[in-house]
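work32.tsv follows (TSV, C-alpha atoms and all ligand atoms):
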```
chain	number	residue	atom	x	y	z
Y	22	MET	CA	31.23	1.77	13.64
Y	23	TYR	CA	28.25	3.80	12.63
Y	24	GLN	CA	26.18	5.64	15.19
Y	25	HIS	CA	22.68	4.15	15.36
Y	26	ILE	CA	20.44	6.97	16.52
Y	27	THR	CA	17.05	6.56	18.08
Y	28	MET	CA	15.71	10.11	18.24
Y	29	GLU	CA	11.92	10.09	17.90
Y	30	ASN	CA	10.56	12.09	14.97
Y	31	GLN	CA	7.59	13.02	17.12
Y	32	ALA	CA	9.95	14.86	19.47
Y	33	LEU	CA	10.25	17.50	16.77
Y	34	ASN	CA	6.62	18.42	17.38
Y	35	LEU	CA	5.88	19.05	13.73
Y	36	LEU	CA	2.96	17.66	11.79
Y	37	PRO	CA	4.20	16.07	8.59
Y	38	GLY	CA	3.38	18.18	5.54
Y	39	LYS	CA	3.86	17.72	1.84
Y	40	VAL	CA	6.92	15.98	0.44
Y	41	VAL	CA	8.44	17.87	-2.50
Y	42	CYS	CA	10.66	15.63	-4.63
Y	43	VAL	CA	13.04	16.14	-7.53
Y	44	GLY	CA	13.58	13.64	-10.32
Y	45	ARG	CA	16.87	12.98	-12.15
Y	46	ASN	CA	19.11	15.08	-9.93
Y	47	TYR	CA	22.12	12.77	-10.34
Y	48	ALA	CA	23.41	12.31	-13.90
Y	49	GLU	CA	24.40	8.64	-13.42
Y	50	HIS	CA	20.88	7.75	-12.26
Y	51	ALA	CA	19.24	9.60	-15.19
Y	52	LYS	CA	21.47	7.53	-17.51
Y	53	GLU	CA	20.67	4.18	-15.88
Y	54	LEU	CA	16.96	4.69	-16.62
Y	55	GLY	CA	17.69	5.99	-20.14
Y	56	ASN	CA	16.42	9.49	-19.30
Y	57	GLU	CA	17.72	12.84	-20.56
Y	58	ILE	CA	19.36	15.18	-18.06
Y	59	PRO	CA	16.85	18.02	-17.48
Y	60	ASP	CA	17.77	21.74	-17.76
Y	61	THR	CA	15.47	22.65	-14.86
Y	62	PRO	CA	14.56	20.47	-11.85
Y	63	ILE	CA	11.72	17.98	-12.44
Y	64	LEU	CA	9.49	18.41	-9.40
Y	65	PHE	CA	6.71	16.17	-8.12
Y	66	MET	CA	5.03	15.73	-4.74
Y	67	LYS	CA	4.03	13.01	-2.35
Y	68	PRO	CA	1.29	13.72	0.21
Y	69	ALA	CA	1.83	13.52	3.99
Y	70	THR	CA	0.10	10.11	3.90
Y	71	SER	CA	3.10	8.71	1.99
Y	72	LEU	CA	5.41	9.23	5.01
Y	73	VAL	CA	6.11	6.18	7.20
Y	74	SER	CA	8.92	5.62	9.69
Y	75	PHE	CA	11.78	3.21	9.00
Y	76	ASP	CA	11.18	1.91	12.54
Y	77	GLY	CA	9.63	-1.53	12.49
Y	78	GLY	CA	9.84	-1.88	8.71
Y	79	PHE	CA	7.46	-0.88	5.94
Y	80	SER	CA	5.07	-2.52	3.48
Y	81	ILE	CA	5.21	-2.37	-0.31
Y	82	PRO	CA	2.26	-2.64	-2.71
Y	83	GLY	CA	1.62	-6.09	-4.17
Y	84	ASN	CA	0.59	-7.14	-7.67
Y	85	GLN	CA	1.63	-3.90	-9.36
Y	86	GLY	CA	5.01	-4.91	-10.78
Y	87	SER	CA	8.40	-3.92	-9.41
Y	88	VAL	CA	8.77	-1.54	-6.46
Y	89	HIS	CA	12.14	0.22	-6.64
Y	90	HIS	CA	14.17	1.74	-3.82
Y	91	GLU	CA	15.55	5.23	-4.41
Y	92	VAL	CA	17.54	6.37	-1.39
Y	93	GLU	CA	17.58	10.16	-1.06
Y	94	ILE	CA	18.76	12.88	1.31
Y	95	ALA	CA	15.62	14.31	2.97
Y	96	LEU	CA	15.45	17.82	4.41
Y	97	LEU	CA	13.01	18.98	7.11
Y	98	VAL	CA	11.62	22.49	6.60
Y	99	CYS	CA	11.44	24.43	9.89
Y	100	LYS	CA	9.92	27.74	8.81
Y	101	GLN	CA	7.59	29.23	6.24
Y	102	THR	CA	9.70	29.81	3.14
Y	103	LYS	CA	8.77	31.61	-0.06
Y	104	ASN	CA	10.77	33.24	-2.88
Y	105	ILE	CA	14.18	32.88	-1.24
Y	106	GLY	CA	17.62	32.73	-2.84
Y	107	PRO	CA	20.16	29.91	-2.44
Y	108	ASP	CA	22.17	31.88	0.13
Y	109	GLN	CA	19.20	31.80	2.57
Y	110	ALA	CA	18.21	28.20	1.88
Y	111	TRP	CA	19.90	26.36	4.76
Y	112	ASP	CA	18.20	28.76	7.24
Y	113	SER	CA	14.90	27.01	6.40
Y	114	ILE	CA	16.19	23.50	7.15
Y	115	SER	CA	16.57	22.14	10.69
Y	116	HIS	CA	17.17	18.41	10.15
Y	117	VAL	CA	18.43	15.91	7.57
Y	118	ALA	CA	17.37	12.28	7.14
Y	119	LEU	CA	17.44	9.53	4.56
Y	120	ALA	CA	14.23	8.56	2.79
Y	121	LEU	CA	13.21	6.01	0.20
Y	122	ASP	CA	11.31	7.44	-2.76
Y	123	LEU	CA	9.47	4.15	-3.37
Y	124	THR	CA	8.52	3.87	-7.02
Y	125	LEU	CA	6.22	1.41	-8.79
Y	126	ARG	CA	8.63	1.27	-11.74
Y	127	ASP	CA	6.47	-0.74	-14.16
Y	128	VAL	CA	3.49	1.52	-13.44
Y	129	GLN	CA	5.68	4.62	-13.84
Y	130	ASN	CA	7.02	3.41	-17.19
Y	131	LYS	CA	3.46	3.00	-18.49
Y	132	LEU	CA	2.54	6.48	-17.23
Y	133	LYS	CA	5.63	7.96	-18.90
Y	134	GLU	CA	4.72	6.32	-22.23
Y	135	LYS	CA	1.34	8.06	-22.09
Y	136	SER	CA	2.85	11.35	-20.77
Y	137	HIS	CA	0.64	11.04	-17.68
Y	138	PRO	CA	1.54	12.32	-14.17
Y	139	TRP	CA	3.49	9.91	-11.93
Y	140	GLU	CA	1.44	10.14	-8.72
Y	141	ILE	CA	-0.03	6.65	-8.70
Y	142	ALA	CA	3.52	5.26	-9.09
Y	143	LYS	CA	5.10	7.45	-6.40
Y	144	ALA	CA	2.53	9.02	-4.06
Y	145	PHE	CA	0.61	6.01	-2.71
Y	146	ASP	CA	0.20	5.42	1.04
Y	147	GLY	CA	3.58	4.49	2.51
Y	148	ALA	CA	5.54	5.55	-0.59
Y	149	CYS	CA	8.05	7.51	1.50
Y	150	PRO	CA	9.67	5.48	4.31
Y	151	ILE	CA	11.96	7.84	6.25
Y	152	SER	CA	14.65	7.52	8.90
Y	153	ASN	CA	14.90	9.47	12.12
Y	154	TRP	CA	16.04	13.07	11.76
Y	155	VAL	CA	19.59	14.29	12.37
Y	156	PRO	CA	20.08	17.98	13.25
Y	157	VAL	CA	21.78	19.90	10.43
Y	158	LEU	CA	24.40	20.97	12.99
Y	159	ASP	CA	25.48	17.31	13.33
Y	160	ILE	CA	26.31	17.07	9.61
Y	161	ALA	CA	30.06	17.49	9.18
Y	162	ASP	CA	29.93	19.52	5.92
Y	163	ILE	CA	26.58	20.47	4.39
Y	164	ASN	CA	28.22	20.82	0.96
Y	165	ASN	CA	29.51	17.25	1.07
Y	166	ILE	CA	26.91	14.79	2.39
Y	167	THR	CA	27.26	11.10	1.54
Y	168	LEU	CA	24.34	8.69	1.24
Y	169	GLN	CA	24.42	4.92	0.88
Y	170	LEU	CA	21.93	2.09	0.78
Y	171	GLU	CA	22.76	-1.53	1.56
Y	172	LYS	CA	20.28	-4.28	0.73
Y	173	ASN	CA	20.80	-7.62	2.48
Y	174	GLY	CA	24.37	-6.58	3.30
Y	175	GLU	CA	25.27	-5.54	-0.25
Y	176	LEU	CA	26.00	-1.91	-1.20
Y	177	LYS	CA	23.46	-0.91	-3.87
Y	178	GLN	CA	23.52	2.89	-3.92
Y	179	ASN	CA	26.39	5.19	-3.04
Y	180	GLY	CA	26.36	8.92	-3.71
Y	181	ASN	CA	27.35	12.35	-2.50
Y	182	SER	CA	25.41	15.61	-2.56
Y	183	ARG	CA	28.26	17.14	-4.59
Y	184	GLN	CA	27.10	14.97	-7.53
Y	185	MET	CA	23.69	16.67	-7.64
Y	186	ILE	CA	22.82	18.49	-10.86
Y	187	THR	CA	20.91	21.10	-8.82
Y	188	SER	CA	22.61	21.63	-5.45
Y	189	ILE	CA	20.61	21.55	-2.21
Y	190	PRO	CA	20.53	25.38	-1.75
Y	191	GLU	CA	19.61	25.96	-5.41
Y	192	LEU	CA	16.90	23.30	-5.16
Y	193	ILE	CA	15.31	24.78	-2.01
Y	194	ALA	CA	15.35	28.25	-3.61
Y	195	TYR	CA	13.82	26.92	-6.84
Y	196	ILE	CA	11.05	25.06	-4.97
Y	197	SER	CA	10.29	28.10	-2.76
Y	198	ASN	CA	9.60	30.16	-5.87
Y	199	ILE	CA	6.85	27.71	-6.89
Y	200	PHE	CA	5.40	26.26	-3.67
Y	201	THR	CA	5.44	27.98	-0.28
Y	202	LEU	CA	7.30	25.63	2.05
Y	203	MET	CA	5.80	25.22	5.54
Y	204	PRO	CA	7.24	23.87	8.81
Y	205	GLY	CA	6.94	20.07	8.65
Y	206	ASP	CA	7.32	19.87	4.88
Y	207	VAL	CA	9.98	17.50	3.60
Y	208	ILE	CA	12.19	17.89	0.53
Y	209	LEU	CA	13.64	14.84	-1.22
Y	210	THR	CA	16.74	15.72	-3.22
Y	211	GLY	CA	17.02	12.94	-5.81
Y	212	THR	CA	18.61	9.52	-5.95
Y	213	PRO	CA	22.08	8.40	-7.04
Y	214	ALA	CA	22.54	5.44	-9.41
Y	215	GLY	CA	21.88	1.86	-8.32
Y	216	VAL	CA	18.10	1.84	-7.90
Y	217	GLY	CA	16.53	-1.61	-7.95
Y	218	PRO	CA	13.62	-3.80	-6.88
Y	219	LEU	CA	12.56	-4.60	-3.32
Y	220	GLU	CA	11.15	-7.91	-2.12
Y	221	HIS	CA	9.37	-8.91	1.06
Y	222	GLY	CA	11.93	-9.67	3.75
Y	223	ASP	CA	14.73	-7.45	2.36
Y	224	GLU	CA	16.90	-6.00	5.11
Y	225	LEU	CA	18.01	-2.42	4.41
Y	226	THR	CA	20.58	-0.13	5.99
Y	227	ALA	CA	20.78	3.50	4.90
Y	228	VAL	CA	23.92	5.39	5.92
Y	229	LEU	CA	23.99	9.19	6.10
Y	230	ASP	CA	27.20	11.22	6.12
Y	231	ASN	CA	29.31	8.06	6.74
Y	232	LYS	CA	28.13	8.28	10.33
Y	233	PHE	CA	24.42	7.68	10.92
Y	234	ALA	CA	23.11	4.22	10.02
Y	235	PHE	CA	19.38	3.50	9.87
Y	236	ASP	CA	18.06	-0.05	9.67
Y	237	THR	CA	14.71	-1.01	8.25
Y	238	ARG	CA	13.13	-3.92	6.40
Y	239	VAL	CA	10.45	-4.72	3.86
Y	240	LEU	CA	7.60	-6.43	5.70
I	301	ZN	ZN	13.47	9.83	-6.48
```

Mind turning the file's structure into structure tokens?
Amino acid sequence: MYQHITMENQALNLLPGKVVCVGRNYAEHAKELGNEIPDTPILFMKPATSLVSFDGGFSIPGNQGSVHHEVEIALLVCKQTKNIGPDQAWDSISHVALALDLTLRDVQNKLKEKSHPWEIAKAFDGACPISNWVPVLDIADINNITLQLEKNGELKQNGNSRQMITSIPELIAYISNIFTLMPGDVILTGTPAGVGPLEHGDELTAVLDNKFAFDTRVL
């Protein structure tokens, strides 16, 4: 059985900061949305106001078309980080979690057609539900982290960090050369294939590293 952990995020004593996200970091997901595989990471951000806990469930926007789940490995930055290389990257990360990069897919498609930024589709209040944090030291192998999302008991997304186009250390290094990372910032590392719409009442379980299961629901 999975270990259901109950550690409080607040116990980490960090104010939530910005959430730096990467798009199309798994080839199979890029394909399912008909997107090209990028040569450099596609970065975007969500503000701190997008972060909400899995605990007790989360709300989704109404009347704006489909809201897709994108389950992603989330990393918690524990120290100020700028211009580092991949070999130093894990030193800046204290905890790992699973997050949902909630996306107003119909809105995003319209924005893409016009070549406009994605923020209103991805950075709204509550657009980043997140599980409790697991210490990096409790991850069995940081080069081989699995992530899964079940919706109403059915496996929808199933991936492994080894499938990333830009690996976690390369991604942290790349980001740190553009944005200074601060303690409390969160990095979302991209979603594997299987994204799809959420409805009110959906029951979700996200499983990290085949060990930590996090339950939440759409209110
Ligand atoms: Zn995403």

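Ranking Y:Gly174, Y:Pro82, Y:Gly44, Y:Gly205 by their shortest atom-to-atom distance to ligand ZN 301 (chain I), with all atoms listed in the file included, puts Y:Gly44 first.
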
Produce a table with one row for each residue of chain Y that has an atom at most 9 Å from any atom of ligand ZN 301 (chain I), each row naming the nearest atom pair and its distance in Å at one decimal; use all atoms listed in the file; arrange rows by chain and rising residue number; format as a Markdown table.
```
| residue | atom | partner | partner_atom | distance |
| --- | --- | --- | --- | --- |
| Y:Cys42 | CA | I:ZN301 | ZN | 6.7 |
| Y:Val43 | CA | I:ZN301 | ZN | 6.4 |
| Y:Gly44 | CA | I:ZN301 | ZN | 5.4 |
| Y:Arg45 | CA | I:ZN301 | ZN | 7.3 |
| Y:Asn46 | CA | I:ZN301 | ZN | 8.4 |
| Y:His90 | CA | I:ZN301 | ZN | 8.5 |
| Y:Glu91 | CA | I:ZN301 | ZN | 5.5 |
| Y:Val92 | CA | I:ZN301 | ZN | 7.4 |
| Y:Glu93 | CA | I:ZN301 | ZN | 6.8 |
| Y:Leu121 | CA | I:ZN301 | ZN | 7.7 |
| Y:Asp122 | CA | I:ZN301 | ZN | 4.9 |
| Y:Leu123 | CA | I:ZN301 | ZN | 7.6 |
| Y:Thr124 | CA | I:ZN301 | ZN | 7.8 |
| Y:Lys143 | CA | I:ZN301 | ZN | 8.7 |
| Y:Leu209 | CA | I:ZN301 | ZN | 7.3 |
| Y:Thr210 | CA | I:ZN301 | ZN | 7.5 |
| Y:Gly211 | CA | I:ZN301 | ZN | 4.8 |
| Y:Thr212 | CA | I:ZN301 | ZN | 5.2 |
| Y:Pro213 | CA | I:ZN301 | ZN | 8.7 |
```

Could you produce a table of the residues of stretch 79-155 of chain Y lying within 9 Å of stretch 182-202 of chain Y, with the nearest pair of atoms per residue and their separation in Å rounded to one decimal, using all atoms listed in the file, ordered by chain and increasing residue number, as a tab-separated table?
```
residue	atom	partner	partner_atom	distance
Y:Ile94	CA	Y:Ser182	CA	8.2
Y:Val98	CA	Y:Leu202	CA	7.0
Y:Cys99	CA	Y:Leu202	CA	8.9
Y:Lys100	CA	Y:Leu202	CA	7.6
Y:Gln101	CA	Y:Leu202	CA	5.5
Y:Thr102	CA	Y:Leu202	CA	4.9
Y:Lys103	CA	Y:Ser197	CA	4.7
Y:Asn104	CA	Y:Asn198	CA	4.4
Y:Ile105	CA	Y:Ala194	CA	5.3
Y:Gly106	CA	Y:Ala194	CA	5.1
Y:Pro107	CA	Y:Pro190	CA	4.6
Y:Asp108	CA	Y:Pro190	CA	7.0
Y:Gln109	CA	Y:Pro190	CA	7.9
Y:Ala110	CA	Y:Pro190	CA	5.1
Y:Trp111	CA	Y:Pro190	CA	6.6
Y:Ser113	CA	Y:Ile193	CA	8.7
```

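When atom CA of Y:Gly180 is paired with atom CA of Y:Asp127, their separation reads 24.5 Å.
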
Please compute the atom CA of Y:Gly217-atom CA of Y:His89 distance, one decimal, in Å. 4.9 Å

Determine the nearest neighbour of Y:Leu125 from the options Y:Gly78, Y:Pro138, Y:Gly86, Y:Gly38, counting only C-alpha atoms.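 Looking only at the distances to Y:Leu125, the closest residue turns out to be Y:Gly86.
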
Counting all atoms listed in the file, the residue among Y:Ile151, Y:Leu240, Y:Val117, Y:Ala234 that lies closest to Y:Glu220 is Y:Leu240

What is the atom CA of Y:Lys131 to atom CA of Y:Pro62 distance in Å?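 So the two atoms, atom CA of Y:Lys131 and atom CA of Y:Pro62, lie 21.7 Å apart.
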
Name the closest residue to Y:Asp159 among the candidates Y:Lys67, Y:Arg126, Y:Arg238, Y:Lys232; distances are taken between atoms, counting all atoms listed in the file. Y:Lys232

Answer as a VMD selection string, residues within 9 Å of (2.2, 6.9, -5.0) using all atoms listed in the file: chain Y and resid 67 to 68 71 123 to 125 139 to 149

Do a neighbour search on Y:Leu168 at 6 Å with all atoms listed in the file, toss out local chain neighbours closer than 3 positions, and write the hits as a PyMOL selection string. chain Y and resi 179-180+228-229

Proximity to Y:Trp154 - best of Y:Leu97, Y:His50, Y:Leu64, Y:Ala118, all atoms listed in the file: Y:Ala118

Within 10 Å of Y:Ala161 using all atoms listed in the file, minus same-chain residues under 5 positions, as a list in words: Ile166, Asp230, Asn231 and Lys232 of chain Y
